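Chemist: Quick one: this structure, given as structure tokens, is what I'll be asking you about.
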Amino acid sequence: MRARAHLLALAGSVTLLAGCPRPTVTPEPRSELVLQQPFPCGVRLKIICGYGCAAHARVDHPQKTNEYYALDFVREDGRNGFDRPIAAVAPGVVLRAGWAQGGFAPLGQMVYLEHDYRDVKGHRYLSLYAHLHRVRVKAGQRVEAGSELGTLGGSSAGELRRIPPHLHFAMFQDARRGLGGGRAFRPEPMGGYRDLRAGLRMVACVPPGPEPVALAR
């Protein structure tokens with residue numbers, strides 16, 4: 001009888017343990033967000049519009065996209081890289097993918113990620129990739145740094161070739177998961193580069209050398 005009672009008690013303990021909710025796993029805080037360029041490694045690229053462009057306004061607005069630190073990139077290959085891959089700058093989960101709607105329609109086809117990284121204060125970080133020609137991911141999909149998200153294009157407001165092909169890239173701190181709000185975030189260092197500005201040339205995943213890459217061909 002004692003053995004039977006012991007087995008019953010043990011079975012009850014197992015049942016209780018099995019019914020316990022699993023703890024929520026949150027990303028480990030780190031001192032710095034590690035970013036690569038939003039293109040596959042080895043791609044030559046150039047910034048054509050840097051921080052504070054007329055089209056990139058606002059640092060902190062509760063309703064609009066805050067894009068003061070947005071960047072416009074072109075690939076330095078044939079046709080400015082039209083329909084060539086663009087990539088995630090860091091690991092994360094796709095929140096939105098496809099045609100932007102409503103007031104965000106000028107972004108055209110876009111991908112919006114929330115990254116795994118949380119800083120020591122718990123802030124969330126999100127990235128936007130806009131004016132794409134094709135989208136290769138869907139909402140809820142997990143991606144890694146360097147994963148292909150889509151292809152570079154010139155889409156805007158429902159038209160695939162409305163503007164010259166380039167990637168509009170921006171990052172936000174604590175923005176809404178449906179776009180808008182939050183605070184514009186300066187995406188540096190990016191692949192080892194700081195002081196990102198119009199005219200800067202880079203090679204994705206290759207850190208800057210002793211000579212300014214902006215002067216290299």
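Labels for the structure tokens follow display order: chains A, B, ..., residues from 1 in each chain, ligands from 1.
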Each residue of range 103-145 of chain A with at least one atom at most 10 Å from range 59-76 of chain A should appear once, together with its nearest atom pair and the corresponding distance in Å (one decimal); atoms considered: only C-alpha atoms; ordering: chain, then increasing residue number; output as a Markdown table.
Modeler:
```
| residue | atom | partner | partner_atom | distance |
| --- | --- | --- | --- | --- |
| A:Gly103 | CA | A:Lys64 | CA | 8.9 |
| A:Phe104 | CA | A:Thr65 | CA | 8.5 |
| A:Ser127 | CA | A:Ala70 | CA | 10.0 |
| A:Leu128 | CA | A:Ala70 | CA | 9.2 |
| A:Tyr129 | CA | A:Asp72 | CA | 9.9 |
| A:Ala130 | CA | A:Asp72 | CA | 9.6 |
```
Chemist: Any chance you can output those residues with C-alpha atoms as a short mmCIF file (atom, residue, chain, number, x, y, z; two decimals), in the first residue's frame?
Modeler:
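Below is the file that was written, selection-v4.cif:
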```cif
data_model
loop_
_atom_site.label_atom_id
_atom_site.label_comp_id
_atom_site.auth_asym_id
_atom_site.auth_seq_id
_atom_site.Cartn_x
_atom_site.Cartn_y
_atom_site.Cartn_z
CA GLY A 103 -0.67 56.68 -45.72
CA PHE A 104 2.31 54.36 -46.11
CA SER A 127 13.86 47.76 -39.63
CA LEU A 128 12.06 48.74 -42.84
CA TYR A 129 13.01 47.81 -46.43
CA ALA A 130 10.92 49.67 -49.03
#
```
Chemist: Using only C-alpha atoms, which residues sit within 12 Å of Asp195 in chain A once same-chain residues fewer than 4 positions away are excluded, as a ChimeraX atom specification?
Modeler: /A:47,50-51,69,71,186-191,199-201,208,212,214
Chemist: What would the file look like if the residues just selected were written as a CSV table (one decimal), in the first residue's frame with N, CA and C atoms?
Modeler:
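Saved result, result-v1.csv, follows:
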```
chain,number,residue,atom,x,y,z
A,47,ILE,N,25.5,54.8,-50.9
A,47,ILE,CA,24.4,55.6,-50.3
A,47,ILE,C,24.1,56.8,-51.2
A,50,GLY,N,21.4,60.4,-47.5
A,50,GLY,CA,21.8,60.2,-46.2
A,50,GLY,C,20.9,60.8,-45.1
A,51,TYR,N,21.3,60.8,-43.9
A,51,TYR,CA,20.5,61.3,-42.8
A,51,TYR,C,20.0,62.7,-43.1
A,69,TYR,N,16.8,59.2,-39.8
A,69,TYR,CA,18.1,58.4,-40.0
A,69,TYR,C,17.9,57.4,-41.1
A,71,LEU,N,18.1,55.8,-44.9
A,71,LEU,CA,19.2,55.8,-46.0
A,71,LEU,C,18.6,55.2,-47.2
A,186,ARG,N,19.6,55.6,-35.4
A,186,ARG,CA,20.8,55.7,-36.3
A,186,ARG,C,21.4,54.3,-36.4
A,187,PRO,N,21.4,53.7,-37.6
A,187,PRO,CA,21.8,52.3,-37.8
A,187,PRO,C,23.3,52.2,-37.9
A,188,GLU,N,24.0,52.5,-36.9
A,188,GLU,CA,25.5,52.4,-36.9
A,188,GLU,C,26.0,51.7,-35.6
A,189,PRO,N,27.2,51.0,-35.7
A,189,PRO,CA,27.9,50.8,-36.9
A,189,PRO,C,27.2,49.8,-37.8
A,190,MET,N,27.3,49.9,-39.1
A,190,MET,CA,26.7,49.0,-40.1
A,190,MET,C,27.9,48.4,-40.9
A,191,GLY,N,28.1,47.1,-40.6
A,191,GLY,CA,29.2,46.4,-41.3
A,191,GLY,C,30.5,47.0,-41.0
A,199,GLY,N,27.0,59.4,-50.8
A,199,GLY,CA,28.3,59.3,-51.5
A,199,GLY,C,29.2,58.2,-51.0
A,200,LEU,N,28.9,57.7,-49.8
A,200,LEU,CA,29.7,56.6,-49.2
A,200,LEU,C,29.5,55.3,-50.0
A,201,ARG,N,30.6,54.7,-50.4
A,201,ARG,CA,30.6,53.4,-51.0
A,201,ARG,C,31.1,52.4,-50.1
A,208,PRO,N,35.6,48.6,-43.4
A,208,PRO,CA,36.3,49.7,-44.1
A,208,PRO,C,37.8,49.4,-43.9
A,212,PRO,N,39.6,55.6,-47.5
A,212,PRO,CA,38.1,55.8,-47.5
A,212,PRO,C,37.5,55.1,-48.7
A,214,ALA,N,34.7,55.6,-49.9
A,214,ALA,CA,34.0,56.6,-50.7
A,214,ALA,C,34.8,57.0,-52.0
```
Chemist: Kindly indicate which residue among A:Tyr117, A:Tyr193, A:Phe39, A:Phe172 lies nearest to Leu149 in chain A, using only C-alpha atoms for the distances.
Modeler: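 Result for the nearest residue to Leu149 in chain A: A:Phe39.
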Chemist: Give the answer as one residue: which of A:Arg134, A:Ile48, A:Ala100, A:Leu33 has the shortest atom-to-atom distance to Phe185 in chain A, using only C-alpha atoms?
Modeler: A:Leu33
Chemist: With only C-alpha atoms as the basis for distance, which of A:Ala57, A:Met171, A:Leu132, A:Met202 is at the shortest distance from Asp83 in chain A?
Modeler: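 Distance minimum relative to Asp83 in chain A lands on A:Leu132.
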Chemist: Nearest to Val111 in chain A among A:Pro40, A:Gly150, A:Gly81, A:Gly52, with distances taken over only C-alpha atoms: which residue is it?
Modeler: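 Smallest separation from Val111 in chain A among the options: A:Gly150.
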Chemist: Using Å and a single decimal, report how far CA of Ala145 in chain A sits from CA of Val94 in chain A.
Modeler: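 Atom-to-atom, CA of Val94 in chain A and CA of Ala145 in chain A are spaced 12.5 Å apart.
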Chemist: Between A:Ala170, A:His123, A:Leu113, A:Arg176, which one has atoms that come closest to Gly140 in chain A, using only C-alpha atoms?
Modeler: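 Distance minimum relative to Gly140 in chain A lands on A:Leu113.
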Chemist: One decimal, in Å: what's the spacing between CA of Ser155 in chain A and CA of Leu45 in chain A?
Modeler: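 It comes out at 19.4 Å.
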Chemist: Please determine, counting only C-alpha atoms, which residue among A:Gln109, A:Gln141, A:Ser147, A:Asn80 has the shortest atom-to-atom distance to His166 in chain A.
Modeler: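 Closest to His166 in chain A, using only C-alpha atoms: A:Asn80.
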Chemist: So how far away is CA of His131 in chain A from CA of Met110 in chain A, in Å?
Modeler: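 Interatomic distance, CA of Met110 in chain A to CA of His131 in chain A: 6.2 Å.
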Chemist: If we count only C-alpha atoms, what is near Asp174 in chain A at a cut-off of 9 Å, once residues fewer than 2 positions away on the same chain are taken out, given as an MDAnalysis selection string?
Modeler: chainID A and resid 123:126 172 176:177 181:183
